[in-house]
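> I'd like to ask some things about the structure below.
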Amino acid sequence: MTVWIVNPFDTLPTEGHRPLRYWLMSEAFARAGHSVTYWTADFNHVTKKPRDVGEDGSRHGFRVVAVHEPPYESNISLRRLWAHWRWARNWRRAAAREEVRPDLVVVSSPPLAIGAEARKVAKACGARLVVDVMDAWPETFERVAPRWALWPLRSLVRRNYLAADAVTAVADGYLETVRGYGCRREARRFYHGIRVGAPAERAPDAARPPKIVYAGNLGRTYDLMTAMEAVALLDGATLEIAGKGDCEADLRSAAKVPRMEGRVSFRGYLGEAELEAFLASGDIGLVPMAPESCVGIPYKLADYARAGLAVASSLGGESDRLLARYGAGTGYRPGDAKSLAEAVRRLVPRLAEAKRASRRMAESEFDASRIYGDYVRFACGEGTS
């Protein structure tokens with residue numbers, strides 16, 4: 001079977017990052033004997049710089065094609081939506097030049113504009129179409145725009161869902177959102193898969209204050225100001241932040257006040273090996289997101305679990321239920337520094353236990369070899385009703 005996987009966001013191993021959802025998915029389809037093309041963008045969503053694909057996935061059994069996307073500076077902007085629309089149009093033109101047509105198209109949502117183009121391509125080829133929901137768009141925009149103003153995007157995403165032969169999602173909550181649009185297609189949740197690897201060997205030192213770590217985007221969705229305030233309330237605790245984003249300058253400026261001096265540090269954007277070492281050095285991984293973000297199970301929860309970190313999360317919902325099931329962490333109230341400080345204090349006496357539980361969660365819930373093997377069978381229509 002000829003399989004096309006379409007997503008512009010994920011960073012690539014060729015850029016020094018660890019393999020993410022669509023790279024791992026491409027590998028899984030290739031291992032199952034399919035001919036795979038992974039379509040991405042020539043613009044890096046994280047660094048906001050042009051992307052050089054370099055050595056593609058051919059040695060992994062699939063090809064990578066980068067389609068032009070105009071640059072944008074902010075993740076929450078009209079410019080970003082326009083860039084995604086242009087990328088989607090450019091993708092359809094590039095797809096039309098392919099001699100071998102797909103039997104299966106797996107397209108991510110978001111971005112929303114690519115769904116319309118993927119529908120046209122799949123229909124023209126008679127290909128099976130699977131929509132993979134990575135985030136609840138346009139619902140997440142309700143934080144910054146009135147609900148009535150989002151009706152064009154709601155109409156677009158509804159058509160994407162209803163036209164799919166099957167729908168997959170990274171969280172159970174997203175499947176509920178899909179069904180709310182009237183989609184009755186076969187649907188299944190597949191968490192973000194990661195290469196679980198060997199557990200970190202470093203045990204927490206009871207005599208050392210806890211080291212809190214955060215890895216991810218430094219944008220408005222992530223409330224790191226509250227985290228910095230919480231660290232100032234904790235005796236000796238430190239916060240180390242890795243990543244890039246719109247709010248980085250403001251965060252660095254806030255960290256210079258005397259009560260935070262020496263307590264908050266920034267590591268910048270880290271490659272795969274650096275990120276692994278960074279997380280392994282920590283005790284508590286931070287998920288500083290509000291439920292209004294509409295995120296169900298973020299990538300960072302899987303990364304923290306792989307590193308054997310206890311987790312403090314303000315996300316609530318599905319993530320909190322997963323943490324509670326394994327005893328891998330605790331929740332705190334969004335925007336409440338005192339609540340986060342108390343969450344850290346609750347974790348400290350049981351840090352070793354929580355870290356082991358987090359590692360068990362990684363092995364049980366986020367193992368890429370199992371998740372994407374199952375994904376291939378489902379996307380191909382095996383065992384669906």
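In the structure tokens, each chain is lettered A, B, ... as it comes, each chain's residues begin at 1, and ligands are numbered from 1 in order of appearance.
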Skip Cys247 of chain A itself and residues of its chain fewer than 4 positions away, then list as an mmCIF file with C-alpha atoms, in the first residue's frame all residues within 8 Å of it, counting only C-alpha atoms.

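around_38.cif, written as the output of this step:
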```cif
data_model
loop_
_atom_site.group_PDB
_atom_site.id
_atom_site.type_symbol
_atom_site.label_atom_id
_atom_site.label_comp_id
_atom_site.auth_asym_id
_atom_site.auth_seq_id
_atom_site.Cartn_x
_atom_site.Cartn_y
_atom_site.Cartn_z
ATOM 1 C CA LEU A 218 7.743 29.412 25.917
ATOM 2 C CA GLY A 219 4.461 30.832 24.649
ATOM 3 C CA ARG A 220 1.314 32.222 26.182
ATOM 4 C CA LEU A 251 10.390 35.318 31.387
#
```
> Mind running segment 24-98 of chain A against segment 112-133 of chain A at 7 Å and telling me each contacting residue's nearest atom pair with the distance in Å (one decimal), counting only C-alpha atoms, chain and number ascending, as a Markdown table?

```
| residue | atom | partner | partner_atom | distance |
| --- | --- | --- | --- | --- |
| A:His84 | CA | A:Ala113 | CA | 6.6 |
| A:Trp85 | CA | A:Ala113 | CA | 5.3 |
| A:Ala88 | CA | A:Ile114 | CA | 4.7 |
| A:Arg92 | CA | A:Glu117 | CA | 6.1 |
```
> Once DSSP has gone over the backbone, tell me which residues of segment 38-241 of chain A are in strand (DSSP E or B), as a VMD selection string.
chain A and resid 38 to 41 43 50 62 to 67 104 to 109 128 to 133 166 to 169 186 to 189 194 211 to 215 222 238 to 241
> Now that the selection is made, can you save its residues with N, CA and C atoms as a compact mmCIF listing (two decimals), in the first residue's frame?

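As a result, part.txt now contains:
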```
# COMPACT_ATOMS: atom_id res chain seq x y z
N TYR A 38 6.41 10.91 3.83
CA TYR A 38 6.09 11.82 4.94
C TYR A 38 6.22 13.24 4.41
N TRP A 39 5.09 13.94 4.30
CA TRP A 39 5.04 15.31 3.81
C TRP A 39 5.14 16.27 5.00
N THR A 40 6.08 17.19 4.95
CA THR A 40 6.24 18.17 6.01
C THR A 40 6.40 19.56 5.39
N ALA A 41 6.79 20.55 6.19
CA ALA A 41 7.00 21.91 5.70
C ALA A 41 8.48 22.24 5.71
N PHE A 43 9.56 24.95 6.87
CA PHE A 43 9.66 25.95 7.92
C PHE A 43 9.49 25.24 9.26
N PRO A 50 13.83 28.59 8.53
CA PRO A 50 13.72 27.65 7.41
C PRO A 50 14.32 26.30 7.79
N PHE A 62 11.47 5.16 4.35
CA PHE A 62 10.46 6.06 3.78
C PHE A 62 11.14 7.34 3.30
N ARG A 63 10.40 8.10 2.49
CA ARG A 63 10.93 9.37 1.98
C ARG A 63 10.26 10.54 2.69
N VAL A 64 11.00 11.65 2.77
CA VAL A 64 10.50 12.87 3.38
C VAL A 64 10.50 13.96 2.31
N VAL A 65 9.37 14.65 2.18
CA VAL A 65 9.25 15.74 1.22
C VAL A 65 8.84 17.00 1.97
N ALA A 66 9.63 18.06 1.86
CA ALA A 66 9.34 19.33 2.51
C ALA A 66 8.73 20.30 1.50
N VAL A 67 7.52 20.76 1.80
CA VAL A 67 6.79 21.69 0.94
C VAL A 67 6.91 23.09 1.52
N LEU A 104 -3.67 5.37 0.92
CA LEU A 104 -4.05 5.84 2.25
C LEU A 104 -3.41 7.18 2.51
N VAL A 105 -4.20 8.14 2.99
CA VAL A 105 -3.68 9.44 3.39
C VAL A 105 -4.01 9.65 4.86
N VAL A 106 -2.97 9.87 5.67
CA VAL A 106 -3.14 10.22 7.08
C VAL A 106 -2.77 11.68 7.21
N VAL A 107 -3.73 12.52 7.60
CA VAL A 107 -3.50 13.96 7.66
C VAL A 107 -3.77 14.46 9.07
N SER A 108 -2.89 15.31 9.57
CA SER A 108 -3.05 15.82 10.93
C SER A 108 -4.05 16.97 10.97
N SER A 109 -4.67 17.12 12.12
CA SER A 109 -5.55 18.26 12.39
C SER A 109 -5.22 18.79 13.77
N ARG A 128 -8.15 5.87 1.01
CA ARG A 128 -8.72 5.93 2.36
C ARG A 128 -8.13 7.16 3.06
N LEU A 129 -8.97 7.91 3.79
CA LEU A 129 -8.54 9.13 4.45
C LEU A 129 -8.72 8.99 5.96
N VAL A 130 -7.62 9.19 6.70
CA VAL A 130 -7.65 9.16 8.16
C VAL A 130 -7.23 10.53 8.66
N VAL A 131 -8.06 11.16 9.49
CA VAL A 131 -7.74 12.43 10.12
C VAL A 131 -7.23 12.17 11.53
N ASP A 132 -6.03 12.65 11.82
CA ASP A 132 -5.41 12.44 13.13
C ASP A 132 -5.46 13.74 13.92
N VAL A 133 -6.23 13.78 15.00
CA VAL A 133 -6.47 15.01 15.75
C VAL A 133 -5.38 15.20 16.80
N ALA A 166 -11.90 7.39 8.73
CA ALA A 166 -11.67 7.07 10.14
C ALA A 166 -11.00 8.27 10.78
N VAL A 167 -11.13 8.37 12.09
CA VAL A 167 -10.53 9.46 12.85
C VAL A 167 -9.70 8.88 13.98
N THR A 168 -8.51 9.42 14.18
CA THR A 168 -7.69 9.06 15.32
C THR A 168 -7.38 10.32 16.11
N ALA A 169 -6.98 10.17 17.36
CA ALA A 169 -6.72 11.35 18.20
C ALA A 169 -5.72 10.98 19.27
N GLU A 186 -15.52 5.40 12.34
CA GLU A 186 -14.69 4.66 13.28
C GLU A 186 -13.63 5.59 13.84
N ALA A 187 -13.50 5.62 15.16
CA ALA A 187 -12.57 6.55 15.80
C ALA A 187 -11.86 5.86 16.96
N ARG A 188 -10.58 6.20 17.14
CA ARG A 188 -9.82 5.57 18.22
C ARG A 188 -8.72 6.51 18.70
N ARG A 189 -8.44 6.42 20.00
CA ARG A 189 -7.38 7.22 20.61
C ARG A 189 -6.05 6.48 20.59
N ILE A 194 6.44 7.32 22.30
CA ILE A 194 7.85 7.69 22.43
C ILE A 194 8.68 6.41 22.48
N LYS A 211 14.56 19.76 42.19
CA LYS A 211 14.84 20.46 40.95
C LYS A 211 13.65 20.26 40.02
N ILE A 212 12.97 21.37 39.72
CA ILE A 212 11.81 21.34 38.83
C ILE A 212 12.28 21.69 37.43
N VAL A 213 11.81 20.94 36.44
CA VAL A 213 12.23 21.19 35.07
C VAL A 213 11.00 21.37 34.18
N TYR A 214 11.18 22.18 33.16
CA TYR A 214 10.16 22.38 32.13
C TYR A 214 10.84 22.33 30.78
N ALA A 215 10.28 21.57 29.84
CA ALA A 215 10.79 21.53 28.47
C ALA A 215 9.62 21.73 27.52
N TYR A 222 1.58 28.46 28.05
CA TYR A 222 2.28 27.83 29.16
C TYR A 222 2.59 28.88 30.23
N THR A 238 14.69 24.79 42.77
CA THR A 238 15.12 25.49 41.55
C THR A 238 14.22 25.10 40.38
N LEU A 239 14.18 25.98 39.40
CA LEU A 239 13.41 25.74 38.18
C LEU A 239 14.33 25.95 36.99
N GLU A 240 14.45 24.92 36.15
CA GLU A 240 15.24 25.04 34.92
C GLU A 240 14.29 24.90 33.74
N ILE A 241 14.41 25.82 32.78
CA ILE A 241 13.49 25.93 31.66
C ILE A 241 14.24 25.72 30.36
```
> Hey, can you check how far atom CA of Phe278 of chain A sits from atom CA of Ala198 of chain A?
15.5 Å
> My list of candidates is A:Asp303, A:Asp250, A:Asp10, A:Glu229. Which is closest to Ile284 of chain A when distances are computed with only C-alpha atoms?
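Going through A:Asp303, A:Asp250, A:Asp10, A:Glu229 one by one, the smallest distance to Ile284 of chain A is for A:Asp303.
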> List the spatial neighbours of segment 286-291 of chain A as a short mmCIF file (atom, residue, chain, number, x, y, z; two decimals) with C-alpha atoms, in the first residue's frame - criterion: any atom at most 6 Å away, only C-alpha atoms, same-chain residues fewer than 6 positions off excluded.

```
data_model
loop_
_atom_site.label_atom_id
_atom_site.label_comp_id
_atom_site.auth_asym_id
_atom_site.auth_seq_id
_atom_site.Cartn_x
_atom_site.Cartn_y
_atom_site.Cartn_z
CA TYR A 214 10.16 22.38 32.13
CA TYR A 222 2.28 27.83 29.16
CA ASP A 223 2.08 29.71 32.47
CA VAL A 311 4.84 15.45 37.48
CA ALA A 312 3.12 18.62 38.71
CA SER A 313 0.32 19.57 36.32
CA SER A 314 -2.29 22.30 36.14
CA LEU A 315 -3.91 20.81 33.06
CA PRO A 334 -3.84 27.04 37.22
#
```
> Go through segment 164-258 of chain A and collect every residue that DSSP, computed from the backbone, puts in helix (DSSP H, G or I); the answer should be as a PyMOL selection string.
chain A and resi 172-180+224-232+248-254+258
> Per residue of segment 123-193 of chain A within 8 Å of segment 349-366 of chain A, note the shortest atom pair and the distance in Å to one decimal, counting only C-alpha atoms, and order the rows by chain and increasing residue number, as JSON lines.

```
{"residue": "A:Tyr191", "atom": "CA", "partner": "A:Phe366", "partner_atom": "CA", "distance": 6.4}
{"residue": "A:His192", "atom": "CA", "partner": "A:Phe366", "partner_atom": "CA", "distance": 6.3}
{"residue": "A:Gly193", "atom": "CA", "partner": "A:Phe366", "partner_atom": "CA", "distance": 4.7}
```
> Output N, CA and C atoms for every residue in that selection, as a CSV table (one decimal), in the first residue's frame.

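Writing done, so here's part-v6.csv:
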```
chain,number,residue,atom,x,y,z
A,191,TYR,N,-2.3,7.6,22.1
A,191,TYR,CA,-1.5,8.6,22.8
A,191,TYR,C,-0.2,8.8,22.0
A,192,HIS,N,0.4,10.0,22.3
A,192,HIS,CA,1.8,10.2,21.7
A,192,HIS,C,2.7,9.1,22.1
A,193,GLY,N,3.3,8.4,21.1
A,193,GLY,CA,4.2,7.3,21.4
A,193,GLY,C,5.6,7.9,21.5
```
> What is the distance between atom CA of Ala237 of chain A and atom CA of Asp320 of chain A, in Å to one decimal?
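It comes out at 23.1 Å.
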> If you count only C-alpha atoms, which residues fall within 10 Å of Gly245 of chain A, apart from same-chain ones fewer than 6 positions away, as a PyMOL selection string?
chain A and resi 46-48+73-75+216-220+268-269
> Since we have the selection now, will you write its residues out, keeping N, CA and C atoms, as a compact mmCIF listing (two decimals), in the first residue's frame?

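Result went into part39.txt, see below:
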```txt
# COMPACT_ATOMS: atom_id res chain seq x y z
N VAL A 46 8.99 25.29 15.57
CA VAL A 46 9.54 25.59 16.89
C VAL A 46 10.54 26.74 16.83
N THR A 47 11.54 26.61 15.96
CA THR A 47 12.60 27.62 15.90
C THR A 47 12.22 28.82 15.05
N LYS A 48 11.15 28.69 14.27
CA LYS A 48 10.69 29.75 13.35
C LYS A 48 11.76 30.09 12.32
N GLU A 73 5.85 34.47 12.90
CA GLU A 73 6.60 34.70 14.14
C GLU A 73 5.87 34.23 15.38
N SER A 74 4.54 34.31 15.37
CA SER A 74 3.78 33.97 16.57
C SER A 74 2.85 32.80 16.31
N ASN A 75 2.75 31.90 17.29
CA ASN A 75 1.86 30.75 17.13
C ASN A 75 0.39 31.14 17.17
N GLY A 216 9.73 22.74 26.67
CA GLY A 216 8.65 22.98 25.72
C GLY A 216 8.63 24.41 25.22
N ASN A 217 7.51 24.78 24.66
CA ASN A 217 7.35 26.11 24.09
C ASN A 217 7.23 27.15 25.19
N LEU A 218 7.83 28.31 24.96
CA LEU A 218 7.74 29.41 25.92
C LEU A 218 6.75 30.45 25.40
N GLY A 219 5.51 29.98 25.17
CA GLY A 219 4.46 30.83 24.65
C GLY A 219 3.40 31.10 25.69
N ARG A 220 2.35 31.80 25.26
CA ARG A 220 1.31 32.22 26.18
C ARG A 220 0.47 31.07 26.72
N GLY A 268 17.72 27.15 26.89
CA GLY A 268 17.57 27.31 25.46
C GLY A 268 16.92 26.10 24.81
N TYR A 269 16.98 26.07 23.50
CA TYR A 269 16.38 24.97 22.74
C TYR A 269 17.38 23.81 22.67
```
> Do a neighbour search on Ala230 of chain A at 9 Å with only C-alpha atoms, toss out local chain neighbours closer than 2 positions, and write the hits as a list in words.
Met225, Thr226, Ala227, Met228, Ala232, Leu233, Leu234, Asp336, Ala337, Lys338, Ser339, Leu340, Ala341 and Glu342 of chain A
> Please measure the separation of atom CA of Pro210 of chain A and atom CA of Val295 of chain A, giving the value in Å to one decimal.
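Straight-line distance from atom CA of Pro210 of chain A to atom CA of Val295 of chain A works out to 26.7 Å.
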> Give me the residues within 12 Å of Arg31 of chain A as a list in words, counting only C-alpha atoms and dropping any in the same chain fewer than 2 places off.
Leu24, Met25, Ser26, Glu27, Ala28, Phe29, Gly33, His34, Ser35, Val36, Arg59, His60, Gly61, Phe62, Ser369, Tyr372, Gly373, Val376 and Arg377 of chain A
> Pick the closest to Ile5 of chain A from A:Ala379, A:Ala163, A:Val196, A:Val170: which is it, counting only C-alpha atoms?
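Closest candidate: A:Ala379.
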> Could you tell me which of A:Asp52, A:Thr177, A:Leu279, A:Asp42 comes closest to Pro71 of chain A if we count only C-alpha atoms?
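Nearest to Pro71 of chain A: A:Asp42.
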> May I ask which of the residues A:Gly236, A:Pro19, A:Gly271, A:Gly180 is the closest one to Glu139 of chain A, counting only C-alpha atoms?
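That would be A:Gly180, the residue with the smallest distance to Glu139 of chain A.
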> Tell me which of A:Ala32, A:Met260, A:Leu175, A:Leu150 sits closest to Asp374 of chain A, counting only C-alpha atoms.
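Closest residue, counting only C-alpha atoms: A:Ala32.
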> Would you mind telling me which residue in A:Leu224, A:Ile297, A:Ala254, A:Ala96 lies nearest to Met134 of chain A when using only C-alpha atoms?
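Using only C-alpha atoms, Met134 of chain A sits closest to A:Ile297.
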